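Working notes for the structure below.
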Amino acid sequence: MTLVEAGIDPLALERQVCFALAVTNRAVLAVYRPLLEPLGLTHPQYLVMLALWDNHKSTPDRPLSVKAIAAALQLDSATLSPMLKRLEALGLITRTRNVSDERATDISLTKAGIQLRRRALKIPPAVVERLGVGLDELERLHDVLTRVNAAALAAGALDEGKDPR
């Protein structure tokens, strides 16, 4: 039986996954905003720092390329570059040309960028508390969203210049 046959309007706004995701995105980012302000970070900058902190944990002496950060965050370099410039101006990162490929830029954490991680450790538990949703539910949601994202990527959702229709 289809939704229409069951008397359900498939175009009802409240049934749309895209609507629920859009509203949730705005709401969750609004939860993060006041938590990130004392760190001097916007949410997109926080995501960049998370990628750099992850890299620093596993390979502390190896910088991360702009291309690698863009891939990890599923952003294009043009969107990422202004964020990196701002993080450099804040003294949290350095940008240097890659010695083996001058077209590539390497990003490293400064001492201040490394130290900021300790303050950022308070963010995830504060988000969980403010959302009022159990950690187990958030982990299940993360799993579902990761699967949805993978399916959308497999369908070519973020292919540059490709019309998804």
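Naming works like this for the structure tokens: A, B, ... for the chains as they're shown, residue 1 at the start of each chain, ligands 1 onward in shown order.
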May I have the residues within 10 Å of region 28-44 of chain A as a list of chain:residue names, using only C-alpha atoms and disregarding those fewer than 6 positions away in the same chain?
A:Leu50, A:Leu73, A:Leu80, A:Met83, A:Arg86, A:Leu87, A:Leu90, A:Leu116, A:Arg117, A:Arg119, A:Ala120, A:Lys122, A:Ile123, A:Pro124, A:Ala126, A:Val127, A:Val128, A:Arg130, A:Leu131
Restricted to all heavy atoms, what would the selected residues look like written as a short mmCIF file (atom, residue, chain, number, x, y, z; two decimals), in the first residue's frame?
```cif
data_model
loop_
_atom_site.label_atom_id
_atom_site.label_comp_id
_atom_site.auth_asym_id
_atom_site.auth_seq_id
_atom_site.Cartn_x
_atom_site.Cartn_y
_atom_site.Cartn_z
N LEU A 50 38.33 20.46 14.87
CA LEU A 50 38.14 19.04 15.20
C LEU A 50 38.97 18.15 14.28
O LEU A 50 39.62 17.20 14.72
CB LEU A 50 36.66 18.66 15.13
CG LEU A 50 35.74 19.23 16.19
CD1 LEU A 50 34.28 18.91 15.86
CD2 LEU A 50 36.10 18.73 17.58
N LEU A 73 35.73 17.29 5.75
CA LEU A 73 34.55 18.09 6.08
C LEU A 73 33.54 18.14 4.94
O LEU A 73 32.49 18.78 5.07
CB LEU A 73 34.96 19.51 6.48
CG LEU A 73 35.89 19.61 7.68
CD1 LEU A 73 36.22 21.07 7.95
CD2 LEU A 73 35.27 18.96 8.91
N LEU A 80 36.59 26.60 2.32
CA LEU A 80 37.49 26.37 3.45
C LEU A 80 38.54 27.46 3.62
O LEU A 80 38.88 27.84 4.75
CB LEU A 80 38.17 25.01 3.26
CG LEU A 80 39.03 24.48 4.37
CD1 LEU A 80 38.27 24.38 5.68
CD2 LEU A 80 39.58 23.11 3.98
N MET A 83 37.99 30.38 6.08
CA MET A 83 38.00 29.91 7.47
C MET A 83 39.42 29.71 7.96
O MET A 83 39.75 30.04 9.10
CB MET A 83 37.22 28.60 7.59
CG MET A 83 35.74 28.77 7.69
SD MET A 83 34.96 27.20 8.07
CE MET A 83 34.77 26.52 6.44
N ARG A 86 41.09 32.98 8.74
CA ARG A 86 40.61 33.52 10.02
C ARG A 86 41.23 32.77 11.20
O ARG A 86 41.65 33.39 12.18
CB ARG A 86 39.07 33.42 10.08
CG ARG A 86 38.46 33.88 11.36
CD ARG A 86 38.39 35.40 11.45
NE ARG A 86 37.71 35.77 12.67
CZ ARG A 86 38.24 36.52 13.63
NH1 ARG A 86 39.44 37.02 13.49
NH2 ARG A 86 37.56 36.80 14.72
N LEU A 87 41.32 31.45 11.10
CA LEU A 87 41.95 30.66 12.17
C LEU A 87 43.42 31.01 12.31
O LEU A 87 43.97 31.03 13.42
CB LEU A 87 41.76 29.16 11.91
CG LEU A 87 40.33 28.64 12.07
CD1 LEU A 87 40.21 27.21 11.55
CD2 LEU A 87 39.87 28.72 13.53
N LEU A 90 43.66 34.23 14.13
CA LEU A 90 43.41 34.02 15.55
C LEU A 90 44.61 33.37 16.26
O LEU A 90 44.61 33.20 17.47
CB LEU A 90 42.17 33.13 15.75
CG LEU A 90 40.83 33.73 15.37
CD1 LEU A 90 39.73 32.66 15.39
CD2 LEU A 90 40.48 34.88 16.31
N LEU A 116 43.80 24.95 22.87
CA LEU A 116 42.37 25.23 22.81
C LEU A 116 41.54 23.95 22.93
O LEU A 116 40.40 23.98 23.41
CB LEU A 116 42.03 25.96 21.51
CG LEU A 116 40.59 26.45 21.35
CD1 LEU A 116 40.24 27.49 22.43
CD2 LEU A 116 40.38 27.02 19.97
N ARG A 117 42.12 22.83 22.55
CA ARG A 117 41.41 21.55 22.62
C ARG A 117 40.94 21.26 24.04
O ARG A 117 39.84 20.75 24.23
CB ARG A 117 42.29 20.41 22.10
CG ARG A 117 41.55 19.09 22.02
CD ARG A 117 42.45 17.97 21.48
NE ARG A 117 41.70 16.77 21.23
CZ ARG A 117 41.35 15.89 22.18
NH1 ARG A 117 41.69 16.09 23.43
NH2 ARG A 117 40.65 14.82 21.85
N ARG A 119 39.98 23.29 26.36
CA ARG A 119 38.76 24.06 26.62
C ARG A 119 37.57 23.51 25.84
O ARG A 119 36.43 23.52 26.30
CB ARG A 119 38.98 25.54 26.30
CG ARG A 119 39.95 26.20 27.27
CD ARG A 119 40.24 27.64 26.92
NE ARG A 119 39.06 28.45 26.81
CZ ARG A 119 39.01 29.56 26.06
NH1 ARG A 119 40.06 29.98 25.38
NH2 ARG A 119 37.90 30.27 26.01
N ALA A 120 37.84 23.01 24.63
CA ALA A 120 36.77 22.48 23.77
C ALA A 120 36.20 21.17 24.29
O ALA A 120 35.09 20.78 23.91
CB ALA A 120 37.30 22.30 22.34
N LYS A 122 34.81 20.61 26.88
CA LYS A 122 33.56 20.88 27.60
C LYS A 122 32.36 20.97 26.66
O LYS A 122 31.21 20.90 27.10
CB LYS A 122 33.69 22.19 28.38
CG LYS A 122 34.76 22.16 29.45
CD LYS A 122 34.91 23.52 30.10
CE LYS A 122 36.05 23.50 31.11
NZ LYS A 122 36.36 24.84 31.61
N ILE A 123 32.62 21.14 25.37
CA ILE A 123 31.53 21.37 24.41
C ILE A 123 30.60 20.16 24.25
O ILE A 123 29.39 20.29 24.43
CB ILE A 123 32.10 21.81 23.04
CG1 ILE A 123 32.96 23.04 23.21
CG2 ILE A 123 30.98 21.97 22.01
CD1 ILE A 123 32.37 24.37 23.01
N PRO A 124 31.11 18.96 23.91
CA PRO A 124 30.19 17.84 23.69
C PRO A 124 29.26 17.54 24.87
O PRO A 124 28.03 17.41 24.65
CB PRO A 124 31.12 16.66 23.37
CG PRO A 124 32.33 17.31 22.78
CD PRO A 124 32.50 18.59 23.58
N ALA A 126 28.20 19.56 27.15
CA ALA A 126 27.27 20.69 27.27
C ALA A 126 26.18 20.61 26.20
O ALA A 126 25.02 20.91 26.47
CB ALA A 126 28.03 22.01 27.18
N VAL A 127 26.55 20.19 25.00
CA VAL A 127 25.56 20.03 23.92
C VAL A 127 24.56 18.95 24.29
O VAL A 127 23.35 19.14 24.17
CB VAL A 127 26.26 19.73 22.57
CG1 VAL A 127 25.25 19.30 21.52
CG2 VAL A 127 27.04 20.94 22.09
N VAL A 128 25.06 17.81 24.75
CA VAL A 128 24.18 16.71 25.14
C VAL A 128 23.21 17.18 26.23
O VAL A 128 22.00 16.93 26.16
CB VAL A 128 25.00 15.48 25.63
CG1 VAL A 128 24.10 14.42 26.24
CG2 VAL A 128 25.80 14.89 24.46
N ARG A 130 22.22 20.27 26.95
CA ARG A 130 21.27 21.27 26.44
C ARG A 130 20.22 20.66 25.52
O ARG A 130 19.10 21.16 25.46
CB ARG A 130 22.01 22.40 25.74
CG ARG A 130 22.77 23.26 26.72
CD ARG A 130 23.51 24.37 26.05
NE ARG A 130 24.29 25.12 27.03
CZ ARG A 130 24.68 26.35 26.87
NH1 ARG A 130 24.38 27.01 25.76
NH2 ARG A 130 25.37 26.96 27.80
N LEU A 131 20.58 19.63 24.80
CA LEU A 131 19.61 18.99 23.91
C LEU A 131 18.60 18.16 24.69
O LEU A 131 17.49 17.92 24.21
CB LEU A 131 20.31 18.12 22.86
CG LEU A 131 21.12 18.86 21.80
CD1 LEU A 131 21.81 17.88 20.88
CD2 LEU A 131 20.24 19.83 21.01
#
```
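Distances to Glu88 (chain A) were evaluated for A:Gly113, A:Pro63, A:Pro125, A:Gly7 using only C-alpha atoms, and the minimum falls at A:Gly113.
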Name the residues in contact with region 140-153 of chain A at a cut-off of 12 Å, using only C-alpha atoms, excluding same-chain residues fewer than 2 positions from it; report them as a PDB file with N, CA, C and O atoms, in the first residue's frame.
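Below is the file selection39.pdb, written as the result:
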```pdb
ATOM      1  N   VAL A  17      11.671  14.705   5.283  1.00  0.00           N
ATOM      2  CA  VAL A  17      12.960  14.531   5.957  1.00  0.00           C
ATOM      3  C   VAL A  17      13.806  15.793   5.780  1.00  0.00           C
ATOM      4  O   VAL A  17      14.464  16.248   6.722  1.00  0.00           O
ATOM      5  N   CYS A  18      13.777  16.385   4.600  1.00  0.00           N
ATOM      6  CA  CYS A  18      14.580  17.587   4.349  1.00  0.00           C
ATOM      7  C   CYS A  18      14.173  18.726   5.287  1.00  0.00           C
ATOM      8  O   CYS A  18      15.028  19.473   5.770  1.00  0.00           O
ATOM      9  N   LEU A  21      15.467  17.887   8.852  1.00  0.00           N
ATOM     10  CA  LEU A  21      16.910  18.088   8.913  1.00  0.00           C
ATOM     11  C   LEU A  21      17.273  19.574   8.914  1.00  0.00           C
ATOM     12  O   LEU A  21      18.160  20.003   9.660  1.00  0.00           O
ATOM     13  N   THR A  24      16.311  21.025  12.341  1.00  0.00           N
ATOM     14  CA  THR A  24      17.223  20.472  13.349  1.00  0.00           C
ATOM     15  C   THR A  24      18.613  21.085  13.208  1.00  0.00           C
ATOM     16  O   THR A  24      19.252  21.417  14.210  1.00  0.00           O
ATOM     17  N   ASN A  25      19.080  21.241  11.988  1.00  0.00           N
ATOM     18  CA  ASN A  25      20.384  21.851  11.752  1.00  0.00           C
ATOM     19  C   ASN A  25      20.444  23.244  12.379  1.00  0.00           C
ATOM     20  O   ASN A  25      21.388  23.557  13.118  1.00  0.00           O
ATOM     21  N   GLN A  74      33.864  17.503   3.820  1.00  0.00           N
ATOM     22  CA  GLN A  74      33.014  17.508   2.638  1.00  0.00           C
ATOM     23  C   GLN A  74      32.693  18.931   2.190  1.00  0.00           C
ATOM     24  O   GLN A  74      31.542  19.294   1.938  1.00  0.00           O
ATOM     25  N   VAL A 133      18.617  15.051  25.233  1.00  0.00           N
ATOM     26  CA  VAL A 133      18.433  13.757  24.582  1.00  0.00           C
ATOM     27  C   VAL A 133      19.551  12.857  25.084  1.00  0.00           C
ATOM     28  O   VAL A 133      20.698  13.293  25.202  1.00  0.00           O
ATOM     29  N   GLY A 134      19.228  11.616  25.360  1.00  0.00           N
ATOM     30  CA  GLY A 134      20.231  10.692  25.872  1.00  0.00           C
ATOM     31  C   GLY A 134      21.353  10.437  24.883  1.00  0.00           C
ATOM     32  O   GLY A 134      21.150  10.486  23.663  1.00  0.00           O
ATOM     33  N   LEU A 135      22.523  10.168  25.425  1.00  0.00           N
ATOM     34  CA  LEU A 135      23.686   9.887  24.595  1.00  0.00           C
ATOM     35  C   LEU A 135      23.434   8.701  23.667  1.00  0.00           C
ATOM     36  O   LEU A 135      23.831   8.731  22.496  1.00  0.00           O
ATOM     37  N   ASP A 136      22.723   7.683  24.145  1.00  0.00           N
ATOM     38  CA  ASP A 136      22.424   6.524  23.298  1.00  0.00           C
ATOM     39  C   ASP A 136      21.557   6.922  22.106  1.00  0.00           C
ATOM     40  O   ASP A 136      21.766   6.456  20.983  1.00  0.00           O
ATOM     41  N   GLU A 137      20.587   7.809  22.331  1.00  0.00           N
ATOM     42  CA  GLU A 137      19.743   8.282  21.226  1.00  0.00           C
ATOM     43  C   GLU A 137      20.555   9.095  20.227  1.00  0.00           C
ATOM     44  O   GLU A 137      20.371   8.969  19.014  1.00  0.00           O
ATOM     45  N   LEU A 138      21.446   9.944  20.737  1.00  0.00           N
ATOM     46  CA  LEU A 138      22.272  10.747  19.843  1.00  0.00           C
ATOM     47  C   LEU A 138      23.216   9.869  19.033  1.00  0.00           C
ATOM     48  O   LEU A 138      23.463  10.149  17.856  1.00  0.00           O
ATOM     49  N   ALA A 155      24.960   8.436  -4.310  1.00  0.00           N
ATOM     50  CA  ALA A 155      24.051   8.852  -5.382  1.00  0.00           C
ATOM     51  C   ALA A 155      24.585  10.071  -6.132  1.00  0.00           C
ATOM     52  O   ALA A 155      23.927  10.593  -7.036  1.00  0.00           O
ATOM     53  N   GLY A 156      25.774  10.549  -5.730  1.00  0.00           N
ATOM     54  CA  GLY A 156      26.392  11.689  -6.428  1.00  0.00           C
ATOM     55  C   GLY A 156      25.929  13.025  -5.930  1.00  0.00           C
ATOM     56  O   GLY A 156      26.064  14.033  -6.639  1.00  0.00           O
ATOM     57  N   ALA A 157      25.417  13.095  -4.694  1.00  0.00           N
ATOM     58  CA  ALA A 157      24.854  14.344  -4.187  1.00  0.00           C
ATOM     59  C   ALA A 157      25.836  15.499  -4.146  1.00  0.00           C
ATOM     60  O   ALA A 157      25.452  16.636  -4.357  1.00  0.00           O
ATOM     61  N   LEU A 158      27.100  15.252  -3.895  1.00  0.00           N
ATOM     62  CA  LEU A 158      28.069  16.345  -3.794  1.00  0.00           C
ATOM     63  C   LEU A 158      29.065  16.370  -4.938  1.00  0.00           C
ATOM     64  O   LEU A 158      30.099  17.038  -4.852  1.00  0.00           O
ATOM     65  N   ASP A 159      28.763  15.659  -6.023  1.00  0.00           N
ATOM     66  CA  ASP A 159      29.670  15.688  -7.163  1.00  0.00           C
ATOM     67  C   ASP A 159      29.687  17.097  -7.737  1.00  0.00           C
ATOM     68  O   ASP A 159      28.644  17.676  -8.041  1.00  0.00           O
ATOM     69  N   GLU A 160      30.886  17.662  -7.863  1.00  0.00           N
ATOM     70  CA  GLU A 160      31.060  19.032  -8.363  1.00  0.00           C
ATOM     71  C   GLU A 160      30.516  19.151  -9.787  1.00  0.00           C
ATOM     72  O   GLU A 160      30.840  18.351 -10.654  1.00  0.00           O
ATOM     73  N   PRO A 164      22.130  16.777  -9.843  1.00  0.00           N
ATOM     74  CA  PRO A 164      21.650  15.546  -9.226  1.00  0.00           C
ATOM     75  C   PRO A 164      20.319  15.042  -9.773  1.00  0.00           C
ATOM     76  O   PRO A 164      19.854  13.997  -9.379  1.00  0.00           O
TER      77      PRO A 164
END
```
Distance of CA of Gln16 (chain A) from CA of Tyr46 (chain A), expressed in Å to one decimal place
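Between CA of Tyr46 (chain A) and CA of Gln16 (chain A) the gap works out to 28.9 Å.
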Separation of CA of Leu52 (chain A) from CA of Lys111 (chain A), in Å and rounded to one decimal:
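These atoms are spaced 12.5 Å apart.
Take the candidates A:Ala78, A:Asn55, A:Ala12, A:Ile93 and check each one against Gln115 (chain A) using only C-alpha atoms; the shortest distance goes to A:Ile93.
For the atom pair formed by CA of Ala72 (chain A) and CA of Phe19 (chain A), the distance is 25.1 Å, given to one decimal.
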Out of region 11-162 of chain A, which residues get alpha helix (DSSP H) from DSSP, as a ChimeraX atom specification?
/A:17-36,43-58,66-73,77-89,111-120,123-131,135-154
Resulting file, chosen residues, C-alpha atoms, as a compact mmCIF listing (two decimals), in the first residue's frame:
```txt
# COMPACT_ATOMS: atom_id res chain seq x y z
CA VAL A 17 12.96 14.53 5.96
CA CYS A 18 14.58 17.59 4.35
CA PHE A 19 12.41 19.90 6.47
CA ALA A 20 13.18 18.03 9.70
CA LEU A 21 16.91 18.09 8.91
CA ALA A 22 16.88 21.80 8.04
CA VAL A 23 15.06 22.77 11.24
CA THR A 24 17.22 20.47 13.35
CA ASN A 25 20.38 21.85 11.75
CA ARG A 26 19.44 25.43 12.67
CA ALA A 27 18.39 24.43 16.20
CA VAL A 28 21.50 22.39 16.95
CA LEU A 29 23.80 25.11 15.59
CA ALA A 30 21.99 27.57 17.86
CA VAL A 31 22.88 25.29 20.80
CA TYR A 32 26.55 25.29 19.77
CA ARG A 33 26.83 29.05 19.15
CA PRO A 34 26.98 30.27 22.79
CA LEU A 35 29.26 27.37 23.73
CA LEU A 36 31.74 28.20 20.96
CA HIS A 43 30.71 26.26 14.16
CA PRO A 44 32.44 25.79 10.77
CA GLN A 45 35.76 26.82 12.36
CA TYR A 46 35.11 24.37 15.19
CA LEU A 47 34.71 21.57 12.62
CA VAL A 48 38.06 22.52 11.06
CA MET A 49 39.68 22.47 14.49
CA LEU A 50 38.14 19.04 15.20
CA ALA A 51 39.73 17.69 12.02
CA LEU A 52 43.09 19.20 12.98
CA TRP A 53 42.89 17.92 16.58
CA ASP A 54 42.07 14.41 15.28
CA ASN A 55 45.09 14.53 12.98
CA HIS A 56 47.33 15.91 15.75
CA LYS A 57 46.35 13.03 18.08
CA SER A 58 47.44 10.38 15.59
CA VAL A 66 43.87 21.87 2.80
CA LYS A 67 42.66 19.17 0.41
CA ALA A 68 42.53 16.59 3.23
CA ILE A 69 40.61 18.95 5.50
CA ALA A 70 38.17 19.78 2.69
CA ALA A 71 37.62 16.07 2.04
CA ALA A 72 37.10 15.29 5.73
CA LEU A 73 34.55 18.09 6.08
CA SER A 77 38.63 24.48 -0.92
CA ALA A 78 37.08 27.84 -1.82
CA THR A 79 34.71 27.56 1.15
CA LEU A 80 37.49 26.37 3.45
CA SER A 81 40.16 28.97 2.59
CA PRO A 82 38.52 31.99 4.31
CA MET A 83 38.00 29.91 7.47
CA LEU A 84 41.65 28.90 7.48
CA LYS A 85 42.75 32.52 7.04
CA ARG A 86 40.61 33.52 10.02
CA LEU A 87 41.95 30.66 12.17
CA GLU A 88 45.47 31.74 11.24
CA ALA A 89 44.64 35.35 12.20
CA LYS A 111 50.63 25.87 20.46
CA ALA A 112 47.50 27.97 21.12
CA GLY A 113 45.51 25.77 18.73
CA ILE A 114 46.66 22.63 20.54
CA GLN A 115 45.85 24.15 23.94
CA LEU A 116 42.37 25.23 22.81
CA ARG A 117 41.41 21.55 22.62
CA ARG A 118 41.37 21.32 26.43
CA ARG A 119 38.76 24.06 26.62
CA ALA A 120 36.77 22.48 23.77
CA ILE A 123 31.53 21.37 24.41
CA PRO A 124 30.19 17.84 23.69
CA PRO A 125 28.79 17.19 27.20
CA ALA A 126 27.27 20.69 27.27
CA VAL A 127 25.56 20.03 23.92
CA VAL A 128 24.18 16.71 25.14
CA GLU A 129 22.89 18.37 28.31
CA ARG A 130 21.27 21.27 26.44
CA LEU A 131 19.61 18.99 23.91
CA LEU A 135 23.69 9.89 24.60
CA ASP A 136 22.42 6.52 23.30
CA GLU A 137 19.74 8.28 21.23
CA LEU A 138 22.27 10.75 19.84
CA GLU A 139 24.59 7.88 18.89
CA ARG A 140 21.73 6.12 17.07
CA LEU A 141 20.85 9.39 15.32
CA HIS A 142 24.50 9.80 14.32
CA ASP A 143 24.51 6.27 12.88
CA VAL A 144 21.35 6.91 10.85
CA LEU A 145 22.60 10.28 9.59
CA THR A 146 25.94 8.73 8.63
CA ARG A 147 24.11 6.09 6.57
CA VAL A 148 21.89 8.75 4.93
CA ASN A 149 24.97 10.84 4.13
CA ALA A 150 26.78 7.83 2.64
CA ALA A 151 23.76 6.98 0.49
CA ALA A 152 23.47 10.59 -0.72
CA LEU A 153 27.19 10.67 -1.55
CA ALA A 154 26.91 7.34 -3.37
```
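The smallest atom-to-atom distance between Thr105 (chain A) and any of A:Leu64, A:Leu92, A:Gly132, A:Asp76, using only C-alpha atoms, is found for A:Leu64.
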Give the strand (DSSP E) residues of region 40-130 of chain A, as assigned by DSSP on the backbone, as a ChimeraX atom specification.
/A:64-65,93-97,105-109
Output file for the residues above (N, CA, C and O atoms, as an mmCIF file, in the first residue's frame):
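Output file out.cif follows:
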```cif
data_model
loop_
_atom_site.group_PDB
_atom_site.id
_atom_site.type_symbol
_atom_site.label_atom_id
_atom_site.label_comp_id
_atom_site.auth_asym_id
_atom_site.auth_seq_id
_atom_site.Cartn_x
_atom_site.Cartn_y
_atom_site.Cartn_z
ATOM 1 N N LEU A 64 48.246 18.755 8.056
ATOM 2 C CA LEU A 64 47.131 18.259 7.247
ATOM 3 C C LEU A 64 46.988 19.198 6.059
ATOM 4 O O LEU A 64 47.026 20.425 6.226
ATOM 5 N N SER A 65 46.834 18.653 4.876
ATOM 6 C CA SER A 65 46.683 19.508 3.692
ATOM 7 C C SER A 65 45.286 20.117 3.667
ATOM 8 O O SER A 65 44.340 19.569 4.232
ATOM 9 N N ILE A 93 46.345 28.311 13.915
ATOM 10 C CA ILE A 93 46.960 27.450 12.900
ATOM 11 C C ILE A 93 48.028 28.232 12.145
ATOM 12 O O ILE A 93 48.067 29.466 12.202
ATOM 13 N N THR A 94 48.857 27.476 11.427
ATOM 14 C CA THR A 94 49.759 28.082 10.447
ATOM 15 C C THR A 94 49.468 27.444 9.098
ATOM 16 O O THR A 94 49.071 26.277 9.021
ATOM 17 N N ARG A 95 49.637 28.240 8.060
ATOM 18 C CA ARG A 95 49.481 27.750 6.687
ATOM 19 C C ARG A 95 50.831 27.879 5.999
ATOM 20 O O ARG A 95 51.401 28.966 5.994
ATOM 21 N N THR A 96 51.319 26.781 5.446
ATOM 22 C CA THR A 96 52.602 26.812 4.740
ATOM 23 C C THR A 96 52.476 26.022 3.437
ATOM 24 O O THR A 96 51.694 25.077 3.345
ATOM 25 N N ARG A 97 53.271 26.427 2.471
ATOM 26 C CA ARG A 97 53.306 25.691 1.196
ATOM 27 C C ARG A 97 53.948 24.339 1.427
ATOM 28 O O ARG A 97 54.937 24.227 2.150
ATOM 29 N N THR A 105 48.792 23.447 0.154
ATOM 30 C CA THR A 105 49.046 24.163 1.404
ATOM 31 C C THR A 105 48.844 23.209 2.560
ATOM 32 O O THR A 105 47.852 22.481 2.613
ATOM 33 N N ASP A 106 49.794 23.237 3.487
ATOM 34 C CA ASP A 106 49.720 22.410 4.689
ATOM 35 C C ASP A 106 49.252 23.259 5.861
ATOM 36 O O ASP A 106 49.646 24.418 6.005
ATOM 37 N N ILE A 107 48.435 22.657 6.704
ATOM 38 C CA ILE A 107 47.881 23.341 7.878
ATOM 39 C C ILE A 107 48.379 22.623 9.129
ATOM 40 O O ILE A 107 48.247 21.407 9.252
ATOM 41 N N SER A 108 48.935 23.401 10.046
ATOM 42 C CA SER A 108 49.411 22.862 11.323
ATOM 43 C C SER A 108 48.788 23.664 12.462
ATOM 44 O O SER A 108 48.512 24.858 12.320
ATOM 45 N N LEU A 109 48.596 22.991 13.574
ATOM 46 C CA LEU A 109 48.127 23.666 14.781
ATOM 47 C C LEU A 109 49.289 24.418 15.426
ATOM 48 O O LEU A 109 50.416 23.916 15.456
#
```
Which residue, A:Thr59, A:Thr110, A:Ala104, A:Leu3, has the smallest gap to Arg15 (chain A) when you use only C-alpha atoms?
A:Leu3
